[in-house]
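One structure is given below, encoded as structure tokens.
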Amino acid sequence: MTEFMDLEAQDGVRMPWNVIPGTKQEASNCVVPVSAIYTPIKAFPVNNNSMPILPYAPLRCRTCRSILNPFSIVDFAAKIWICPFCFQRNHFPPHYASITDDNLPAELFPQYTTIEYEPPGPGEKSSVPPVFMFVVDTCIIEEEMSFLKSALSQAIDLLPDNSLVGLITFGTLVQVHELGGFGQIIPKTYVFKGSKDVSKDQLLEQLNFFIKKPKPSTGVIAGVRDGLSSDTIARFLVPAFDCEFTLNSVLEELQKDPWPVPPDQRSTRCTGTALSIAASLLGACVPGSGARILAFVGGPSTEGPAAIVSKNLSEPIRSHKDLDKDSAPHYHKAVKFYDALSKQLVHQGHVLDLFACALDQVGVAELKVAVEKTGGLVVLSDSFGHAVFKDSVRRVFHSGDYDLGLSSNGIFEINCSKDIKVQGIIGPCASLEKKGPLCSDAVVGQGNTSAWKMCGLDKATSLCLVFEIVKKEIPDATLQSTNNQFYFQFLTYYQHNCGQMRLRVTTLSRRWVAGPGSVQDLIAGFDQEAAAVVMARLVSFKMEIEAEFDPIRWLDKALIHMCSRFGDYQKDSPSSFSLSPRFSIFPQFMFHLRRSQFVQVFNNSPDETAYFRMILNRENVTNSVVMIQPSLISYSFHSGPEPALLDVAAIAADRILLLDSYFTVVIFHGATIAQWRKAGYHNQPEHQAFAQLLQAPHDDAGVIMKERFPVPRLVICDQHGSQVGSYHNVQQMGGSLWMIVVCYLLSPGKDILGHSPMDVCT
Ligand SMILES: [Zn+2]
């Protein structure tokens with residue numbers, strides 16, 4: 001596995017097949033598609049060998065527009081390079097005149113298959129400030145309100161000084177706050193009915209955008225350049241350093257939605273209308289520049305065009321069963337609304353981030369399309385007071401070692417050898433509908449295009465690219481020996497968080513094989529972790545779009561086909577079966593995937609399922625593998641920390657276990673360890689070794705918590721104990737938690753105590 005990790009460290013890419021099945025038939029026999037999990041703006045460690053950032057514009061092939069790369073064949077004498085994608089011969093421009101064999105520009109160095117360009121852009125471009133529009137739910141109880149206020153005021157403290165900030169609050173009504181009041185004593189708000197969607201024109205009219213400067217009679221209103229006065233925009237989007245006081249005082253005054261709620265009713269909450277108003281306001285004021293809507297939602301939407309449930313409490317919120325039977329009356333209408341909103345946001349280049357904090361479902365399942373297509377962040381928690389929410393919000397605005405590297409305005413493009421087509425991308429992006437010869441007719445995810453918009457992307461954002469091999473026949477052996485490489489080039493244009501536009505280029509070359517005898521080569525290049533993650537994204541995607549899809553059957557069939565193609569066995573002798581070490585843990589991954597939260601959806605609410613899948617769809621291979629198959633580390637005096645089997649047998653009185661299921665991290669003390677800790681042995685100088693043993697899993701958990709977003713739930717517990725009150729972050733819990741750990745180990749995602757493990761741990 002290490003060689004695949006090395007490839008990832010160089011290019012941010014993992015592929016199930018690193019030797020590629022070379023024909024359409026071979027590829028289909030391989031079951032797992034030719035594909036890649038690619039992290040477009042992965043952060044590389046800074047050292048002598050690190051990816052250079054070139055201060056000039058890239059050279060492009062004049063036929064296919066792909067970019068000069070280490071796989072180009074260079075004729076130094078004639079000053080010509082041959083494009084590996086279309087074989088076009090390109091002349092170097094005059095400023096490359098001095099290149100020779102030992103005077104290469106960085107983009108031709110063999111180790112720089114991934115490189116960035118940052119050509120000097122127009123100066124003003126870099127001064128475009130980031131924009132944050134806070135959209136805050138007020139239909140929440142006082143306690144939640146105070147948690148939320150304190151999280152928001154912390155966030156405001158952390159905002160970059162040059163950023164622009166806006167505020168919209170909502171409940172029964174939507175209130176747009178005028179923060180740039182120019183000397184007003186009482187900040188002004190504009191109120192909109194929650195029950196009706198407001199058009200952009202109506203919105204601008206009501207917000208008095210045309211008082212000083214009349215509305216242009218034709219054309220689109222888009223920012224200062226086209227029709228709006230900057231004074232007017234500055235009433236709603238205010239520099240952070242200017243408005244901290246106003247914003248904080250507005251937040252302080254913020255009241256719970258004042259409209260009475262009868263005991264048999266839900267609050268009137270118009271989430272959809274509020275988000276639509278936020279989108280239209282940003283669309284008018286700052287189209288095309290990096291802006292994020294941060295939505296803080298504390299309950300289900302019950303009003304307006306995107307209600308997910310009626311106000312009547314006797315009507316339950318839709319479950320997976322309801323969705324399955326198509327008996328969720330509001331679902332399709334709400335999804336359609338958010339689909340339209342996602343198109344608007346993608347067009348404007350803006351991001352929707354969702355912080356959903358409630359015991360109830362709030363409509364994450366409906367909102368998913370808008371968050372995912374804009375590359376937004378999502379955090380799901382029970383309460384605005386929970387560490388998962390509070391720590392995650394802090395991480396969004398935090399700068400330094402563990403910052404998320406939030407970037408904006410991304411466009412992603414693919415080039416590849418002519419025998420390969422692109423089926424699509426499963427991940428946080430939206431098709432730009434750039435059709436061409438590269439597009440396969442078989443579409444997976446965002447397909448039918450070779451360019452995608454990524455309104456928001458960060459260091460972790462990872463796309464799953466699915467390819468199709470279209471070569472029909474096995475070419476003859478002579479040809480194969482000379483031309484047996486496939487090439488891929490991934491281009492990511494994006495606005496770096498320093499404000500500059502950058503272009504990251506990753507060019508890959510992979511050998512292809514075909515015909516008899518190719519099986520061993522395919523096996524040698526098989527990355528089983530990447531394969532498991534591609535299968536997880538594919539099965540989740542199919543469950544969402546194919547009505548009669550049977551995920552278990554599909555996964556079982558895939559595994560059987562894989563084993564019969566790549567296993568070693570004599571016919572009619574099952575005991576002779578063996579799999580190459582390259583495939584040894586793939587069956588186990590499939591076993592866990594079958595029982596994971598991605599497939600066994602009935603143990604979770606539609607909101608939870610949507611949440612788990614959104615995170616799966618944006619994470620890299622290593623993190624996704626943990627979501628599919630939790631990792632378990634055992635700490636004891638007998639040995640150093642070591643991986644343990646996910647089995648009840650891992651539990652022992654003199655061991656500490658660290659279970660990482662990605663969304664939850666559990667530190668579990670064996671009974672003896674817990675007794676010693678309660679007796680305070682770790683505080684006695686002669687028991688230093690015990691103190692270290694006790695500390696080690698906490699340190700390791702700490703590393704996980706620091707690097708991961710959303711911040712996972714941390715549970716600390718003892719064998720046979722109820723809970724350990726004095727520990728940081730421990731939730732009040734009844735019953736014995738070790739039971740839950742056991743349930744987790746026995747059947748991840750299963751519903752033994754009547755709840756998912758996540759719920760029980762609260
Ligand atoms: Zn070319």
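Chain labels A, B, ... are given in the sequence in which chains occur in the structure tokens; within each chain residues are numbered consecutively from 1, and ligands are likewise numbered from 1 in the order shown.
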
Output as a Markdown table one row per residue of chain A within 8 Å of ligand 1: the closest atom pair and its distance in Å to one decimal place, counting only C-alpha atoms and all ligand atoms, sorted by chain and residue number ascending.
```
| residue | atom | partner | partner_atom_place_in_ligand_line | distance |
| --- | --- | --- | --- | --- |
| A:Arg60 | CA | ligand 1 | 1 (Zn) | 7.8 |
| A:Cys61 | CA | ligand 1 | 1 (Zn) | 4.6 |
| A:Arg62 | CA | ligand 1 | 1 (Zn) | 6.6 |
| A:Thr63 | CA | ligand 1 | 1 (Zn) | 5.1 |
| A:Cys64 | CA | ligand 1 | 1 (Zn) | 4.0 |
| A:Arg65 | CA | ligand 1 | 1 (Zn) | 5.9 |
| A:Ser66 | CA | ligand 1 | 1 (Zn) | 5.6 |
| A:Ile67 | CA | ligand 1 | 1 (Zn) | 8.0 |
| A:Ile82 | CA | ligand 1 | 1 (Zn) | 7.7 |
| A:Cys83 | CA | ligand 1 | 1 (Zn) | 4.6 |
| A:Pro84 | CA | ligand 1 | 1 (Zn) | 6.6 |
| A:Phe85 | CA | ligand 1 | 1 (Zn) | 5.0 |
| A:Cys86 | CA | ligand 1 | 1 (Zn) | 4.2 |
| A:Phe87 | CA | ligand 1 | 1 (Zn) | 6.0 |
| A:Gln88 | CA | ligand 1 | 1 (Zn) | 5.4 |
```

Shell around A:Cys429 at 10 Å using only C-alpha atoms, local window under 5 positions removed, as a PyMOL selection string = chain A and resi 346+371-376+410-412+445-446+451-457+461+463+618

request  = Would you list the contacts of A:Arg394 as a ChimeraX atom specification, taking every protein, DNA or RNA residue within 12 Å and counting only C-alpha atoms, but skipping same-chain residues closer than 5 positions in sequence?
outcome  = /A:150-159,387-389,399,402-404,706,709-711

Restrict the selected residues to N, CA and C atoms and save them as an mmCIF file, in the first residue's frame.
```cif
data_model
loop_
_atom_site.group_PDB
_atom_site.id
_atom_site.type_symbol
_atom_site.label_atom_id
_atom_site.label_comp_id
_atom_site.auth_asym_id
_atom_site.auth_seq_id
_atom_site.Cartn_x
_atom_site.Cartn_y
_atom_site.Cartn_z
ATOM 1 N N SER A 150 -23.149 32.811 21.227
ATOM 2 C CA SER A 150 -21.749 32.856 21.656
ATOM 3 C C SER A 150 -20.848 32.262 20.571
ATOM 4 N N ALA A 151 -21.341 31.228 19.869
ATOM 5 C CA ALA A 151 -20.536 30.673 18.768
ATOM 6 C C ALA A 151 -20.374 31.701 17.656
ATOM 7 N N LEU A 152 -21.471 32.433 17.360
ATOM 8 C CA LEU A 152 -21.409 33.420 16.286
ATOM 9 C C LEU A 152 -20.473 34.566 16.641
ATOM 10 N N SER A 153 -20.531 35.003 17.901
ATOM 11 C CA SER A 153 -19.680 36.143 18.225
ATOM 12 C C SER A 153 -18.205 35.734 18.223
ATOM 13 N N GLN A 154 -17.931 34.471 18.569
ATOM 14 C CA GLN A 154 -16.560 33.963 18.420
ATOM 15 C C GLN A 154 -16.134 33.952 16.962
ATOM 16 N N ALA A 155 -17.059 33.497 16.116
ATOM 17 C CA ALA A 155 -16.756 33.431 14.684
ATOM 18 C C ALA A 155 -16.444 34.829 14.155
ATOM 19 N N ILE A 156 -17.242 35.800 14.577
ATOM 20 C CA ILE A 156 -17.055 37.172 14.097
ATOM 21 C C ILE A 156 -15.683 37.708 14.509
ATOM 22 N N ASP A 157 -15.256 37.341 15.717
ATOM 23 C CA ASP A 157 -13.916 37.744 16.171
ATOM 24 C C ASP A 157 -12.820 37.209 15.261
ATOM 25 N N LEU A 158 -13.067 36.009 14.713
ATOM 26 C CA LEU A 158 -12.021 35.345 13.923
ATOM 27 C C LEU A 158 -12.046 35.737 12.447
ATOM 28 N N LEU A 159 -13.086 36.466 12.017
ATOM 29 C CA LEU A 159 -13.196 36.804 10.591
ATOM 30 C C LEU A 159 -11.981 37.612 10.138
ATOM 31 N N ALA A 387 -19.961 20.209 21.430
ATOM 32 C CA ALA A 387 -18.584 20.456 20.979
ATOM 33 C C ALA A 387 -18.431 20.238 19.468
ATOM 34 N N VAL A 388 -19.188 19.274 18.918
ATOM 35 C CA VAL A 388 -19.077 19.016 17.476
ATOM 36 C C VAL A 388 -19.365 20.300 16.692
ATOM 37 N N PHE A 389 -20.405 21.027 17.109
ATOM 38 C CA PHE A 389 -20.732 22.283 16.443
ATOM 39 C C PHE A 389 -19.734 23.390 16.792
ATOM 40 N N SER A 399 -7.250 30.303 11.514
ATOM 41 C CA SER A 399 -6.127 30.276 10.574
ATOM 42 C C SER A 399 -4.928 29.702 11.310
ATOM 43 N N TYR A 402 -3.971 24.199 11.326
ATOM 44 C CA TYR A 402 -5.069 23.306 10.979
ATOM 45 C C TYR A 402 -6.191 24.032 10.255
ATOM 46 N N ASP A 403 -5.851 25.136 9.573
ATOM 47 C CA ASP A 403 -6.933 25.824 8.876
ATOM 48 C C ASP A 403 -7.399 24.966 7.701
ATOM 49 N N LEU A 404 -8.647 25.195 7.290
ATOM 50 C CA LEU A 404 -9.237 24.331 6.267
ATOM 51 C C LEU A 404 -8.732 24.689 4.879
ATOM 52 N N LYS A 706 -7.962 17.267 15.950
ATOM 53 C CA LYS A 706 -7.406 18.498 15.416
ATOM 54 C C LYS A 706 -7.459 18.537 13.897
ATOM 55 N N PHE A 709 -12.469 17.530 9.990
ATOM 56 C CA PHE A 709 -13.608 18.436 9.911
ATOM 57 C C PHE A 709 -14.758 17.725 9.217
ATOM 58 N N PRO A 710 -15.968 17.790 9.761
ATOM 59 C CA PRO A 710 -16.374 18.320 11.058
ATOM 60 C C PRO A 710 -15.649 17.599 12.192
ATOM 61 N N VAL A 711 -15.450 18.331 13.288
ATOM 62 C CA VAL A 711 -14.800 17.754 14.445
ATOM 63 C C VAL A 711 -15.656 16.590 14.952
#
```

key: In stretch 230-466 of chain A, DSSP helix (DSSP H, G or I) residues written as JSON, numbers by chain   = {"A": [230, 231, 232, 233, 234, 235, 236, 240, 241, 242, 243, 244, 245, 246, 247, 248, 249, 250, 251, 252, 253, 271, 272, 273, 274, 275, 276, 277, 278, 279, 280, 281, 282, 283, 284, 285, 320, 321, 322, 323, 324, 331, 332, 333, 334, 335, 336, 337, 338, 339, 340, 341, 342, 343, 344, 345, 346, 347, 348, 364, 365, 366, 367, 368, 369, 370, 371, 372, 373, 387, 388, 389, 390, 391, 392, 393, 394, 395, 396, 397]}

request  = Select from stretch 521-709 of chain A everything DSSP, run on the backbone, classes as strand (DSSP E), then give the selection as a ChimeraX atom specification.
outcome  = /A:568-570,573-578,631-635,642-643,656-660,664-669

message = I'd like the neighbourhood of A:His496 as a list of chain:residue names, where a residue qualifies if any of its atoms comes within 10 Å (using only C-alpha atoms), though same-chain residues fewer than 6 positions away should be ignored.
response = A:Ile41, A:Glu118, A:Ser126, A:Gly405, A:Leu406, A:Ser407, A:Ser408, A:Asn409, A:Gly410, A:Leu457, A:Asp458, A:Arg502, A:Leu503

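Non-sequential neighbours of stretch 196-198 of chain A (distance at most 10 Å, separation of 4 or more positions within a chain, only C-alpha atoms) are Phe192, Gln202, Leu203, Leu204, Cys270, Gly272, Thr273, Ala274, Leu275, Ser276, Ile277, Ser280, Glu303, Gly304, Pro305 and Ala306 of chain A.
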
Could you write out that same residue set with all heavy atoms as an mmCIF file, in the first residue's frame?
```
data_model
loop_
_atom_site.group_PDB
_atom_site.id
_atom_site.type_symbol
_atom_site.label_atom_id
_atom_site.label_comp_id
_atom_site.auth_asym_id
_atom_site.auth_seq_id
_atom_site.Cartn_x
_atom_site.Cartn_y
_atom_site.Cartn_z
ATOM 1 N N PHE A 192 -39.495 40.368 5.483
ATOM 2 C CA PHE A 192 -40.162 39.684 4.366
ATOM 3 C C PHE A 192 -40.995 38.541 4.905
ATOM 4 O O PHE A 192 -40.619 37.889 5.880
ATOM 5 C CB PHE A 192 -39.124 39.137 3.387
ATOM 6 C CG PHE A 192 -38.309 40.203 2.733
ATOM 7 C CD1 PHE A 192 -37.170 40.711 3.359
ATOM 8 C CD2 PHE A 192 -38.687 40.726 1.508
ATOM 9 C CE1 PHE A 192 -36.415 41.712 2.768
ATOM 10 C CE2 PHE A 192 -37.940 41.727 0.907
ATOM 11 C CZ PHE A 192 -36.802 42.227 1.535
ATOM 12 N N GLN A 202 -37.999 42.093 -6.707
ATOM 13 C CA GLN A 202 -38.801 42.523 -5.546
ATOM 14 C C GLN A 202 -37.909 42.808 -4.355
ATOM 15 O O GLN A 202 -38.089 43.795 -3.632
ATOM 16 C CB GLN A 202 -39.797 41.422 -5.150
ATOM 17 C CG GLN A 202 -40.929 41.218 -6.134
ATOM 18 C CD GLN A 202 -41.684 39.930 -5.832
ATOM 19 O OE1 GLN A 202 -41.128 38.959 -5.313
ATOM 20 N NE2 GLN A 202 -42.964 39.915 -6.186
ATOM 21 N N LEU A 203 -36.921 41.938 -4.177
ATOM 22 C CA LEU A 203 -36.021 42.076 -3.035
ATOM 23 C C LEU A 203 -35.285 43.409 -3.098
ATOM 24 O O LEU A 203 -35.266 44.179 -2.133
ATOM 25 C CB LEU A 203 -35.023 40.916 -3.033
ATOM 26 C CG LEU A 203 -33.974 40.952 -1.920
ATOM 27 C CD1 LEU A 203 -34.593 40.569 -0.586
ATOM 28 C CD2 LEU A 203 -32.813 40.007 -2.222
ATOM 29 N N LEU A 204 -34.693 43.696 -4.271
ATOM 30 C CA LEU A 204 -33.909 44.921 -4.406
ATOM 31 C C LEU A 204 -34.795 46.145 -4.256
ATOM 32 O O LEU A 204 -34.400 47.143 -3.652
ATOM 33 C CB LEU A 204 -33.193 44.934 -5.755
ATOM 34 C CG LEU A 204 -32.178 43.795 -5.946
ATOM 35 C CD1 LEU A 204 -31.478 43.923 -7.280
ATOM 36 C CD2 LEU A 204 -31.164 43.770 -4.818
ATOM 37 N N CYS A 270 -39.110 29.430 8.083
ATOM 38 C CA CYS A 270 -39.089 29.554 6.621
ATOM 39 C C CYS A 270 -37.664 29.496 6.070
ATOM 40 O O CYS A 270 -37.212 30.404 5.381
ATOM 41 C CB CYS A 270 -39.768 30.852 6.211
ATOM 42 S SG CYS A 270 -38.936 32.307 6.859
ATOM 43 N N GLY A 272 -36.187 27.952 3.634
ATOM 44 C CA GLY A 272 -35.986 28.091 2.185
ATOM 45 C C GLY A 272 -36.060 29.541 1.731
ATOM 46 O O GLY A 272 -35.212 30.008 0.956
ATOM 47 N N THR A 273 -37.070 30.275 2.208
ATOM 48 C CA THR A 273 -37.226 31.675 1.817
ATOM 49 C C THR A 273 -36.010 32.487 2.261
ATOM 50 O O THR A 273 -35.492 33.316 1.506
ATOM 51 C CB THR A 273 -38.506 32.261 2.443
ATOM 52 O OG1 THR A 273 -39.570 31.336 2.243
ATOM 53 C CG2 THR A 273 -38.862 33.589 1.827
ATOM 54 N N ALA A 274 -35.544 32.226 3.482
ATOM 55 C CA ALA A 274 -34.389 32.970 4.001
ATOM 56 C C ALA A 274 -33.146 32.716 3.144
ATOM 57 O O ALA A 274 -32.407 33.651 2.804
ATOM 58 C CB ALA A 274 -34.116 32.567 5.447
ATOM 59 N N LEU A 275 -32.927 31.462 2.770
ATOM 60 C CA LEU A 275 -31.742 31.135 1.966
ATOM 61 C C LEU A 275 -31.851 31.726 0.570
ATOM 62 O O LEU A 275 -30.866 32.187 -0.022
ATOM 63 C CB LEU A 275 -31.546 29.617 1.900
ATOM 64 C CG LEU A 275 -31.147 28.974 3.226
ATOM 65 C CD1 LEU A 275 -31.098 27.454 3.109
ATOM 66 C CD2 LEU A 275 -29.794 29.503 3.699
ATOM 67 N N SER A 276 -33.081 31.731 0.047
ATOM 68 C CA SER A 276 -33.292 32.300 -1.277
ATOM 69 C C SER A 276 -33.008 33.805 -1.269
ATOM 70 O O SER A 276 -32.388 34.341 -2.192
ATOM 71 C CB SER A 276 -34.723 31.997 -1.712
ATOM 72 O OG SER A 276 -35.069 32.769 -2.807
ATOM 73 N N ILE A 277 -33.450 34.482 -0.212
ATOM 74 C CA ILE A 277 -33.187 35.925 -0.088
ATOM 75 C C ILE A 277 -31.685 36.178 0.045
ATOM 76 O O ILE A 277 -31.121 37.075 -0.595
ATOM 77 C CB ILE A 277 -33.970 36.511 1.106
ATOM 78 C CG1 ILE A 277 -35.455 36.590 0.735
ATOM 79 C CG2 ILE A 277 -33.435 37.884 1.517
ATOM 80 C CD1 ILE A 277 -36.369 37.064 1.846
ATOM 81 N N SER A 280 -30.128 35.759 -3.401
ATOM 82 C CA SER A 280 -30.428 36.860 -4.322
ATOM 83 C C SER A 280 -29.675 38.132 -3.932
ATOM 84 O O SER A 280 -29.199 38.866 -4.800
ATOM 85 C CB SER A 280 -31.929 37.148 -4.343
ATOM 86 O OG SER A 280 -32.604 36.047 -4.891
ATOM 87 N N GLU A 303 -42.439 26.314 6.661
ATOM 88 C CA GLU A 303 -43.150 27.419 6.014
ATOM 89 C C GLU A 303 -42.478 27.734 4.678
ATOM 90 O O GLU A 303 -41.269 27.578 4.536
ATOM 91 C CB GLU A 303 -43.079 28.654 6.949
ATOM 92 C CG GLU A 303 -43.668 29.933 6.397
ATOM 93 C CD GLU A 303 -45.165 30.058 6.682
ATOM 94 O OE1 GLU A 303 -45.840 29.028 6.813
ATOM 95 O OE2 GLU A 303 -45.644 31.207 6.767
ATOM 96 N N GLY A 304 -43.283 28.179 3.734
ATOM 97 C CA GLY A 304 -42.705 28.620 2.472
ATOM 98 C C GLY A 304 -42.449 27.477 1.511
ATOM 99 O O GLY A 304 -42.847 26.329 1.748
ATOM 100 N N PRO A 305 -41.757 27.799 0.421
ATOM 101 C CA PRO A 305 -41.658 26.855 -0.698
ATOM 102 C C PRO A 305 -40.816 25.615 -0.406
ATOM 103 O O PRO A 305 -40.872 24.669 -1.161
ATOM 104 C CB PRO A 305 -40.996 27.693 -1.797
ATOM 105 C CG PRO A 305 -40.298 28.802 -1.070
ATOM 106 C CD PRO A 305 -41.105 29.078 0.149
ATOM 107 N N ALA A 306 -40.037 25.605 0.656
ATOM 108 C CA ALA A 306 -39.176 24.443 0.895
ATOM 109 C C ALA A 306 -39.450 23.792 2.239
ATOM 110 O O ALA A 306 -38.565 23.220 2.855
ATOM 111 C CB ALA A 306 -37.708 24.849 0.793
#
```

inquiry  = Need to verify the contact set: A:Gln255, 12 Å, only C-alpha atoms, exclusion of same-chain residues closer than 6 positions in sequence. Can you return it as number ranges by chain?
reply    = A: 136-146, 148-149, 169-171, 249

Same residues, N, CA and C atoms, saved as a short mmCIF file (atom, residue, chain, number, x, y, z; two decimals), in the first residue's frame:
```
data_model
loop_
_atom_site.label_atom_id
_atom_site.label_comp_id
_atom_site.auth_asym_id
_atom_site.auth_seq_id
_atom_site.Cartn_x
_atom_site.Cartn_y
_atom_site.Cartn_z
N VAL A 136 -29.41 33.11 10.13
CA VAL A 136 -29.54 32.55 11.47
C VAL A 136 -31.00 32.29 11.83
N ASP A 137 -31.27 31.06 12.22
CA ASP A 137 -32.58 30.60 12.66
C ASP A 137 -32.87 31.16 14.06
N THR A 138 -34.07 31.73 14.24
CA THR A 138 -34.41 32.23 15.58
C THR A 138 -35.54 31.44 16.24
N CYS A 139 -36.02 30.38 15.56
CA CYS A 139 -37.08 29.55 16.17
C CYS A 139 -36.46 28.50 17.07
N ILE A 140 -35.64 28.90 18.00
CA ILE A 140 -35.00 27.91 18.87
C ILE A 140 -35.17 28.37 20.32
N ILE A 141 -35.07 27.43 21.24
CA ILE A 141 -35.30 27.77 22.64
C ILE A 141 -34.17 28.68 23.14
N GLU A 142 -34.45 29.42 24.23
CA GLU A 142 -33.50 30.41 24.74
C GLU A 142 -32.10 29.84 24.94
N GLU A 143 -32.05 28.63 25.49
CA GLU A 143 -30.75 28.03 25.80
C GLU A 143 -29.92 27.86 24.52
N GLU A 144 -30.58 27.31 23.49
CA GLU A 144 -29.91 27.11 22.21
C GLU A 144 -29.49 28.46 21.63
N MET A 145 -30.38 29.45 21.79
CA MET A 145 -30.09 30.77 21.28
C MET A 145 -28.81 31.32 21.89
N SER A 146 -28.64 31.09 23.19
CA SER A 146 -27.45 31.66 23.82
C SER A 146 -26.19 30.90 23.37
N LEU A 148 -25.82 29.58 20.44
CA LEU A 148 -25.58 30.00 19.05
C LEU A 148 -24.97 31.40 19.02
N LYS A 149 -25.53 32.29 19.85
CA LYS A 149 -24.99 33.65 19.89
C LYS A 149 -23.51 33.64 20.25
N THR A 169 -31.75 37.06 9.59
CA THR A 169 -32.31 36.13 10.57
C THR A 169 -33.68 35.71 10.09
N PHE A 170 -34.12 34.55 10.55
CA PHE A 170 -35.42 34.07 10.07
C PHE A 170 -36.10 33.22 11.11
N GLY A 171 -37.41 33.19 10.97
CA GLY A 171 -38.29 32.37 11.79
C GLY A 171 -39.59 32.34 11.01
N SER A 249 -23.90 43.80 18.69
CA SER A 249 -25.05 44.32 19.43
C SER A 249 -26.36 43.81 18.82
#
```

inquiry  = Which residues are close to stretch 52-54 of chain A, i.e. within 8 Å by only C-alpha atoms, leaving aside same-chain residues fewer than 6 positions away? Reply as a VMD selection string.
reply    = chain A and resid 106 112 115 to 119
